[in-house]
Amino acid sequence: MAKVKIPAPLLKFTGNKSPVEVDSGTIKELIDNLEKNYPGIKKRLCEDNGEIRKFINFYVNGDDMRFLKGLDTAIKDGDDITIVPAVAGG
Amino acid sequence: MNTLRTIQKLDDTTTEVGYVTHLECLSCGEKYPLERLMKEQGTVLVNICYDVCMGPLDVKYDYSALKEILTPEEVERRPNEFWKLKELLPVNEILVAKDRKFTPIIKSKVIGPELGIELYFKLDSNDENPTRSFKDRPVALATNEALESGYDTVYVASTGNLAIATAYLSREVGINCRVYIPKTLGEVKKNAIRQYLKNPKDLIECDLSYDDTNVKSMNDCDKVNEEELKKSGKKKTFVPNNSFRPYYKEGSKTSGTEIALQLKGQIDPNETINIVYPLGSGALLCSAYKGIEELRLLNLFNNPIRMWGVQPEVCSPIIGAIPKNEIIPLRNPQTIAKSIAIGNPGSGYQALNVIKNSNGGGWKVSEKEIFKGVLDLYFKEGIFSQFVGGVTLAGIIHGAKNGDIKKGSVVVANITGGGKGRVEDDLFYYSKQFGYEKEANRLLEEVK
């Protein structure tokens with residue numbers, strides 16, 4: 001199981017629970033597992049074509065997933081995942 | 001917690017947050033009227049499209065009411081100050097920067113004629129901005145919001161100018177300030193921050209890129225607010241460029257409105273004005289454009305404008321995205337223009353839209369061109385700028401040479417940060433690698 005930290009705007013899907021434990025796999029599979037447990041959350045994370053929404057980012061053990069393998073990034077048991085709305089700079 | 005504030009409008013009705021009507025998502029268009037924000041979030045100070053796409057929010061105003069208040073005669077009557085068009089800013093009571101004036105706009109004597117263009121320099125590097133960078137603008141707005149809403153602590157992550165502006169204003173108004181910076185920031189800039197902090201331990205040097213430092217400051221802010229919420233039921237700590245981002249960005253509109261009001265009357269109303277900004281997050285370009293287009297909406301300014309962005313070749317996620325409209329973030333970008341070493345630009349897509357909608361464009365410039373730009377600004381125009389000024393000038397030179405900017409065009413170069421007390425160490429250090437040691441040493445001697 002991986003541990004997923006849920007951002008404030010999405011806590012309503014998990015009954016205010018954060019972090020939540022989810023079956024691992026790839027990030028794509030993790031999102032589908034989140035949807036199984038917390039219906040409606042996937043639509044907030046992904047566009048209709050399955051790509052992650054532009055203003056959302058996943059960090060895997062502190063690493064930005066866009067610098068790993070994106071949706072195909074492999075998640076192991078015990079990994080820390082943080083879902084972060086795009087943090088703006090400057 | 002009731003954060004509703006009211007002011008009197010001309011017709012004796014009242015409204016909240018000045019003339020703000022709602023926040024609107026720039027990505028999906030979702031509207032958040034103030035009443036909805038109070039009902040769903042208990043505050044109007046939100047930073048993202050929380051109910052749909054997490055996109056960036058834009059502050060919208062009651063423009064029909066403002067048309068009656070901000071008439072050309074009224075605007076002409078008011079002094080040229082930061083809060084001149086305060087009704088177009090999201091505040092009720094002005095609590096900071098009360099006497100701040102417009103920064104100067106000067107006509108180029110040497111470089112403009114050399115390039116065959118009518119070139120102006122907007123000097124946000126001057127001390128009308130108390131810390132001599134444009135960051136004094138958005139920080140004033142975020143701090144005003146915070147004071148109006150009872151916050152007492154600010155955490156800020158920065159490549160330098162934002163930290164200096166925040167530390168300065170925090171000290172002025174008496175709130176606590178903690179600054180997070182990448183370790184690689186120059187010592188001169190670190191000292192410029194330290195001078196305003198109560199305690200040297202309030203400056204936290206991170207072995208991280210700016211983007212990751214930014215995430216850290218937000219995470220720490222969230223943690224401390226979680227505890228504070230449990231204790232007192234309210235948040236007391238904010239990150240100026242994130243927690244209230246839609247309101248923060250409104251401060252930068254004043255860069256654009258000042259340019260428009262200063263040039264109006266000096267330039268033929270049919271003349272297109274090319275306005276050039278260096279791009280970090282992209283927010284300044286977007287806000288300045290919004291400020292000018294709001295003036296147009298209120299019939300206060302009519303010149304066509306084209307917005308141009310410039311980035312270092314080695315850190316150009318926004319300009320690089322122009323052909324395909326897809327921003328690919330950079331990990332830990334390295335450029336001498338450290339102020340804009342932002343690999344993950346928070347307003348990148350908005351900036352691309354502004355550039356497209358205004359029929360503008362952008363240029364990428366080399367590190368050597370940036371350095372030469374700083375030297376040219378000083379020796380040819382007497383302007384001692386940070387490297388971002390060199391970025392702007394180098395971009396304009398590209399534009400003038402490749403025909404993007406036609407001969408005789410009116411161009412405004414935004415010098416967004418002053419060099420004095422900021423980049424002396426970096427100027428000296430990097431001069432060797434570009435073969436400009438002699439010129440750099442002469443500059444440093446003269447500005448001592």
# chains A, B, ... in the order shown; residues from 1 in each chain; ligands from 1
$ interface_residues --of "chain A" --to "chain B" --cutoff "12 Å" --atoms "only C-alpha atoms" --output "ChimeraX atom specification"
/A:5,7-13,40-47,52-57,59,62-68,82-90
$ write_last_selection --atoms "N, CA and C atoms" --output "short mmCIF file (atom, residue, chain, number, x, y, z; two decimals), in the first residue's frame"
data_model
loop_
_atom_site.label_atom_id
_atom_site.label_comp_id
_atom_site.auth_asym_id
_atom_site.auth_seq_id
_atom_site.Cartn_x
_atom_site.Cartn_y
_atom_site.Cartn_z
N LYS A 5 -1.13 11.67 0.32
CA LYS A 5 -1.58 12.88 1.02
C LYS A 5 -2.54 13.63 0.10
N PRO A 7 -4.89 16.85 -1.01
CA PRO A 7 -4.93 18.31 -0.80
C PRO A 7 -6.31 18.75 -0.31
N ALA A 8 -6.35 19.90 0.35
CA ALA A 8 -7.57 20.39 1.00
C ALA A 8 -8.82 20.35 0.10
N PRO A 9 -8.71 20.80 -1.18
CA PRO A 9 -9.93 20.82 -2.00
C PRO A 9 -10.52 19.43 -2.27
N LEU A 10 -9.76 18.37 -2.05
CA LEU A 10 -10.26 17.03 -2.37
C LEU A 10 -10.60 16.21 -1.13
N LEU A 11 -10.45 16.81 0.05
CA LEU A 11 -10.72 16.07 1.29
C LEU A 11 -12.18 15.66 1.39
N LYS A 12 -13.05 16.39 0.71
CA LYS A 12 -14.48 16.04 0.80
C LYS A 12 -14.75 14.66 0.19
N PHE A 13 -13.88 14.19 -0.71
CA PHE A 13 -14.06 12.86 -1.29
C PHE A 13 -13.61 11.76 -0.34
N GLY A 40 -15.61 9.75 -7.61
CA GLY A 40 -15.70 11.16 -7.99
C GLY A 40 -14.36 11.86 -7.97
N ILE A 41 -13.38 11.25 -7.28
CA ILE A 41 -12.09 11.95 -7.13
C ILE A 41 -11.31 11.97 -8.44
N LYS A 42 -11.49 10.94 -9.28
CA LYS A 42 -10.68 10.88 -10.50
C LYS A 42 -10.98 12.05 -11.43
N LYS A 43 -12.25 12.42 -11.50
CA LYS A 43 -12.64 13.52 -12.40
C LYS A 43 -11.95 14.82 -12.00
N ARG A 44 -11.61 14.94 -10.72
CA ARG A 44 -10.94 16.16 -10.25
C ARG A 44 -9.44 16.10 -10.54
N LEU A 45 -8.94 14.89 -10.70
CA LEU A 45 -7.50 14.74 -10.91
C LEU A 45 -7.13 14.67 -12.38
N CYS A 46 -8.06 14.13 -13.19
CA CYS A 46 -7.73 13.84 -14.59
C CYS A 46 -8.70 14.48 -15.56
N GLU A 47 -8.16 14.80 -16.74
CA GLU A 47 -9.02 15.22 -17.85
C GLU A 47 -9.79 14.00 -18.35
N ILE A 52 -3.34 13.73 -16.46
CA ILE A 52 -3.49 14.51 -15.21
C ILE A 52 -3.83 15.95 -15.58
N ARG A 53 -4.74 16.55 -14.85
CA ARG A 53 -5.12 17.95 -15.09
C ARG A 53 -3.88 18.83 -15.01
N LYS A 54 -3.92 19.87 -15.84
CA LYS A 54 -2.78 20.80 -15.98
C LYS A 54 -2.26 21.36 -14.66
N PHE A 55 -3.18 21.61 -13.73
CA PHE A 55 -2.77 22.34 -12.53
C PHE A 55 -2.63 21.43 -11.31
N ILE A 56 -2.43 20.15 -11.58
CA ILE A 56 -2.23 19.21 -10.48
C ILE A 56 -0.91 18.49 -10.69
N ASN A 57 -0.24 18.21 -9.59
CA ASN A 57 1.02 17.49 -9.70
C ASN A 57 1.10 16.42 -8.63
N TYR A 59 3.76 14.17 -6.35
CA TYR A 59 5.14 13.98 -5.88
C TYR A 59 5.27 12.58 -5.32
N GLY A 62 8.82 12.87 -2.63
CA GLY A 62 9.44 14.19 -2.78
C GLY A 62 9.86 14.54 -4.18
N ASP A 63 9.72 13.58 -5.13
CA ASP A 63 10.13 13.85 -6.51
C ASP A 63 8.93 14.17 -7.39
N ASP A 64 9.01 15.25 -8.13
CA ASP A 64 7.96 15.65 -9.06
C ASP A 64 7.78 14.55 -10.12
N MET A 65 6.56 14.04 -10.28
CA MET A 65 6.36 12.88 -11.16
C MET A 65 6.66 13.22 -12.63
N ARG A 66 6.61 14.54 -12.97
CA ARG A 66 6.90 14.90 -14.35
C ARG A 66 8.38 14.68 -14.68
N PHE A 67 9.22 14.58 -13.65
CA PHE A 67 10.62 14.30 -13.87
C PHE A 67 10.92 12.80 -13.68
N LEU A 68 9.89 12.04 -13.40
CA LEU A 68 10.03 10.57 -13.32
C LEU A 68 9.38 10.02 -14.59
N THR A 82 2.28 12.64 -2.68
CA THR A 82 1.56 13.86 -2.32
C THR A 82 0.93 14.43 -3.59
N ILE A 83 -0.37 14.72 -3.50
CA ILE A 83 -1.06 15.38 -4.62
C ILE A 83 -1.08 16.86 -4.30
N VAL A 84 -0.55 17.65 -5.21
CA VAL A 84 -0.37 19.08 -4.93
C VAL A 84 -0.99 19.91 -6.05
N PRO A 85 -1.88 20.83 -5.72
CA PRO A 85 -2.30 21.79 -6.75
C PRO A 85 -1.07 22.58 -7.17
N ALA A 86 -0.98 22.93 -8.46
CA ALA A 86 0.23 23.58 -8.99
C ALA A 86 0.62 24.76 -8.11
N VAL A 87 1.77 24.66 -7.53
CA VAL A 87 2.22 25.72 -6.64
C VAL A 87 2.83 26.81 -7.51
N ALA A 88 2.38 27.98 -7.31
CA ALA A 88 2.83 29.05 -8.19
C ALA A 88 4.06 29.72 -7.66
N GLY A 89 4.90 30.13 -8.55
CA GLY A 89 6.13 30.77 -8.11
C GLY A 89 6.15 32.24 -8.39
N GLY A 90 7.05 32.92 -7.79
CA GLY A 90 7.42 34.29 -8.14
C GLY A 90 6.44 35.37 -7.74
#
$ atom_distance --atom1 "CA of Pro269 in chain B" --atom2 "CA of Phe121 in chain B"
19.3 Å
$ atom_distance --atom1 "CA of Pro182 in chain B" --atom2 "CA of Asp425 in chain B"
16.4 Å
$ closest_residue --among "B:Pro130, B:Gly382, B:Gly29, B:Pro90" --to "Leu169 in chain B" --atoms "only C-alpha atoms"
B:Pro130
$ select_by_dssp --residues "range 146-186 of chain B" --states "alpha helix (DSSP H)" --output "PyMOL selection string"
chain B and resi 146-148+161-173
$ write_last_selection --atoms "N, CA and C atoms" --output "compact mmCIF listing (two decimals), in the first residue's frame"
# COMPACT_ATOMS: atom_id res chain seq x y z
N ALA B 146 -3.59 40.61 4.08
CA ALA B 146 -3.29 39.87 5.31
C ALA B 146 -3.63 40.70 6.55
N LEU B 147 -3.24 41.98 6.52
CA LEU B 147 -3.53 42.84 7.67
C LEU B 147 -5.03 43.04 7.84
N GLU B 148 -5.74 43.22 6.71
CA GLU B 148 -7.19 43.41 6.81
C GLU B 148 -7.86 42.16 7.36
N ASN B 161 14.28 38.80 -4.81
CA ASN B 161 13.54 40.07 -4.78
C ASN B 161 12.26 39.97 -3.96
N LEU B 162 11.55 38.85 -4.09
CA LEU B 162 10.32 38.69 -3.33
C LEU B 162 10.61 38.61 -1.84
N ALA B 163 11.69 37.94 -1.49
CA ALA B 163 12.07 37.85 -0.07
C ALA B 163 12.42 39.22 0.49
N ILE B 164 13.18 39.99 -0.28
CA ILE B 164 13.60 41.31 0.20
C ILE B 164 12.37 42.20 0.37
N ALA B 165 11.49 42.18 -0.63
CA ALA B 165 10.28 43.01 -0.56
C ALA B 165 9.40 42.60 0.62
N THR B 166 9.26 41.29 0.82
CA THR B 166 8.40 40.79 1.91
C THR B 166 9.02 41.09 3.27
N ALA B 167 10.33 40.84 3.40
CA ALA B 167 11.00 41.09 4.68
C ALA B 167 10.91 42.57 5.04
N TYR B 168 11.12 43.43 4.03
CA TYR B 168 11.05 44.88 4.27
C TYR B 168 9.65 45.28 4.76
N LEU B 169 8.62 44.86 4.02
CA LEU B 169 7.27 45.32 4.36
C LEU B 169 6.79 44.70 5.67
N SER B 170 7.18 43.46 5.93
CA SER B 170 6.82 42.82 7.21
C SER B 170 7.35 43.63 8.37
N ARG B 171 8.61 44.07 8.23
CA ARG B 171 9.21 44.86 9.31
C ARG B 171 8.48 46.19 9.45
N GLU B 172 8.13 46.80 8.33
CA GLU B 172 7.42 48.09 8.36
C GLU B 172 6.10 47.98 9.11
N VAL B 173 5.36 46.88 8.85
CA VAL B 173 4.02 46.78 9.45
C VAL B 173 4.01 45.95 10.73
$ select_by_dssp --residues "range 31-268 of chain B" --states "strand (DSSP E)" --output "PyMOL selection string"
chain B and resi 31-33+57-61+105-107+118-123+153-157+176-182+203-206+237-238
$ write_last_selection --atoms "C-alpha atoms" --output "compact mmCIF listing (two decimals), in the first residue's frame"
# COMPACT_ATOMS: atom_id res chain seq x y z
CA LYS B 31 -17.15 31.66 -11.19
CA TYR B 32 -16.85 32.14 -7.43
CA PRO B 33 -18.96 35.09 -6.24
CA LEU B 57 -8.21 32.44 -10.24
CA ASP B 58 -8.60 36.01 -11.47
CA VAL B 59 -10.16 38.84 -9.50
CA LYS B 60 -13.09 40.51 -11.26
CA TYR B 61 -14.60 43.91 -10.51
CA ILE B 105 9.58 55.99 -17.24
CA ILE B 106 12.47 57.53 -19.20
CA LYS B 107 13.25 57.75 -22.87
CA GLU B 118 11.54 54.79 -29.74
CA LEU B 119 12.62 53.04 -26.57
CA TYR B 120 11.50 53.77 -23.03
CA PHE B 121 12.70 52.23 -19.76
CA LYS B 122 10.18 51.66 -16.96
CA LEU B 123 12.37 51.84 -13.88
CA THR B 153 3.10 35.83 10.09
CA VAL B 154 4.47 35.46 6.58
CA TYR B 155 6.51 32.61 5.12
CA VAL B 156 8.07 33.30 1.74
CA ALA B 157 10.25 31.34 -0.69
CA ASN B 176 6.75 38.03 11.69
CA CYS B 177 8.65 36.92 8.61
CA ARG B 178 10.42 33.70 7.69
CA VAL B 179 12.31 33.50 4.40
CA TYR B 180 13.24 30.36 2.45
CA ILE B 181 15.91 30.67 -0.22
CA PRO B 182 17.93 28.34 -2.41
CA LEU B 203 16.50 33.07 6.89
CA ILE B 204 16.37 29.40 5.92
CA GLU B 205 18.81 28.32 3.22
CA CYS B 206 17.61 25.23 1.38
CA THR B 237 0.33 32.49 8.52
CA PHE B 238 0.37 33.24 4.81
$ residues_around --residues "range 19-22 of chain A" --least-positions-apart "4" --cutoff "6 Å" --atoms "only C-alpha atoms" --output "mmCIF file with N, CA and C atoms, in the first residue's frame"
data_model
loop_
_atom_site.group_PDB
_atom_site.id
_atom_site.type_symbol
_atom_site.label_atom_id
_atom_site.label_comp_id
_atom_site.auth_asym_id
_atom_site.auth_seq_id
_atom_site.Cartn_x
_atom_site.Cartn_y
_atom_site.Cartn_z
ATOM 1 N N MET A 1 0.854 -1.207 0.000
ATOM 2 C CA MET A 1 0.000 0.000 0.000
ATOM 3 C C MET A 1 0.887 1.253 0.000
ATOM 4 N N ALA A 2 0.492 2.230 -0.762
ATOM 5 C CA ALA A 2 1.203 3.513 -0.728
ATOM 6 C C ALA A 2 0.374 4.502 0.092
ATOM 7 N N LYS A 3 1.084 5.498 0.620
ATOM 8 C CA LYS A 3 0.392 6.508 1.445
ATOM 9 C C LYS A 3 0.201 7.754 0.595
ATOM 10 N N VAL A 4 -1.036 8.228 0.483
ATOM 11 C CA VAL A 4 -1.310 9.373 -0.394
ATOM 12 C C VAL A 4 -1.835 10.555 0.417
ATOM 13 N N LYS A 5 -1.129 11.666 0.320
ATOM 14 C CA LYS A 5 -1.577 12.878 1.021
ATOM 15 C C LYS A 5 -2.544 13.628 0.100
#
$ atom_distance --atom1 "CA of Pro304 in chain B" --atom2 "CA of Asn274 in chain B"
8.8 Å
$ closest_residue --among "A:Val60, A:Glu29, A:Tyr38, A:Asp72" --to "Lys17 in chain A" --atoms "only C-alpha atoms"
A:Tyr38
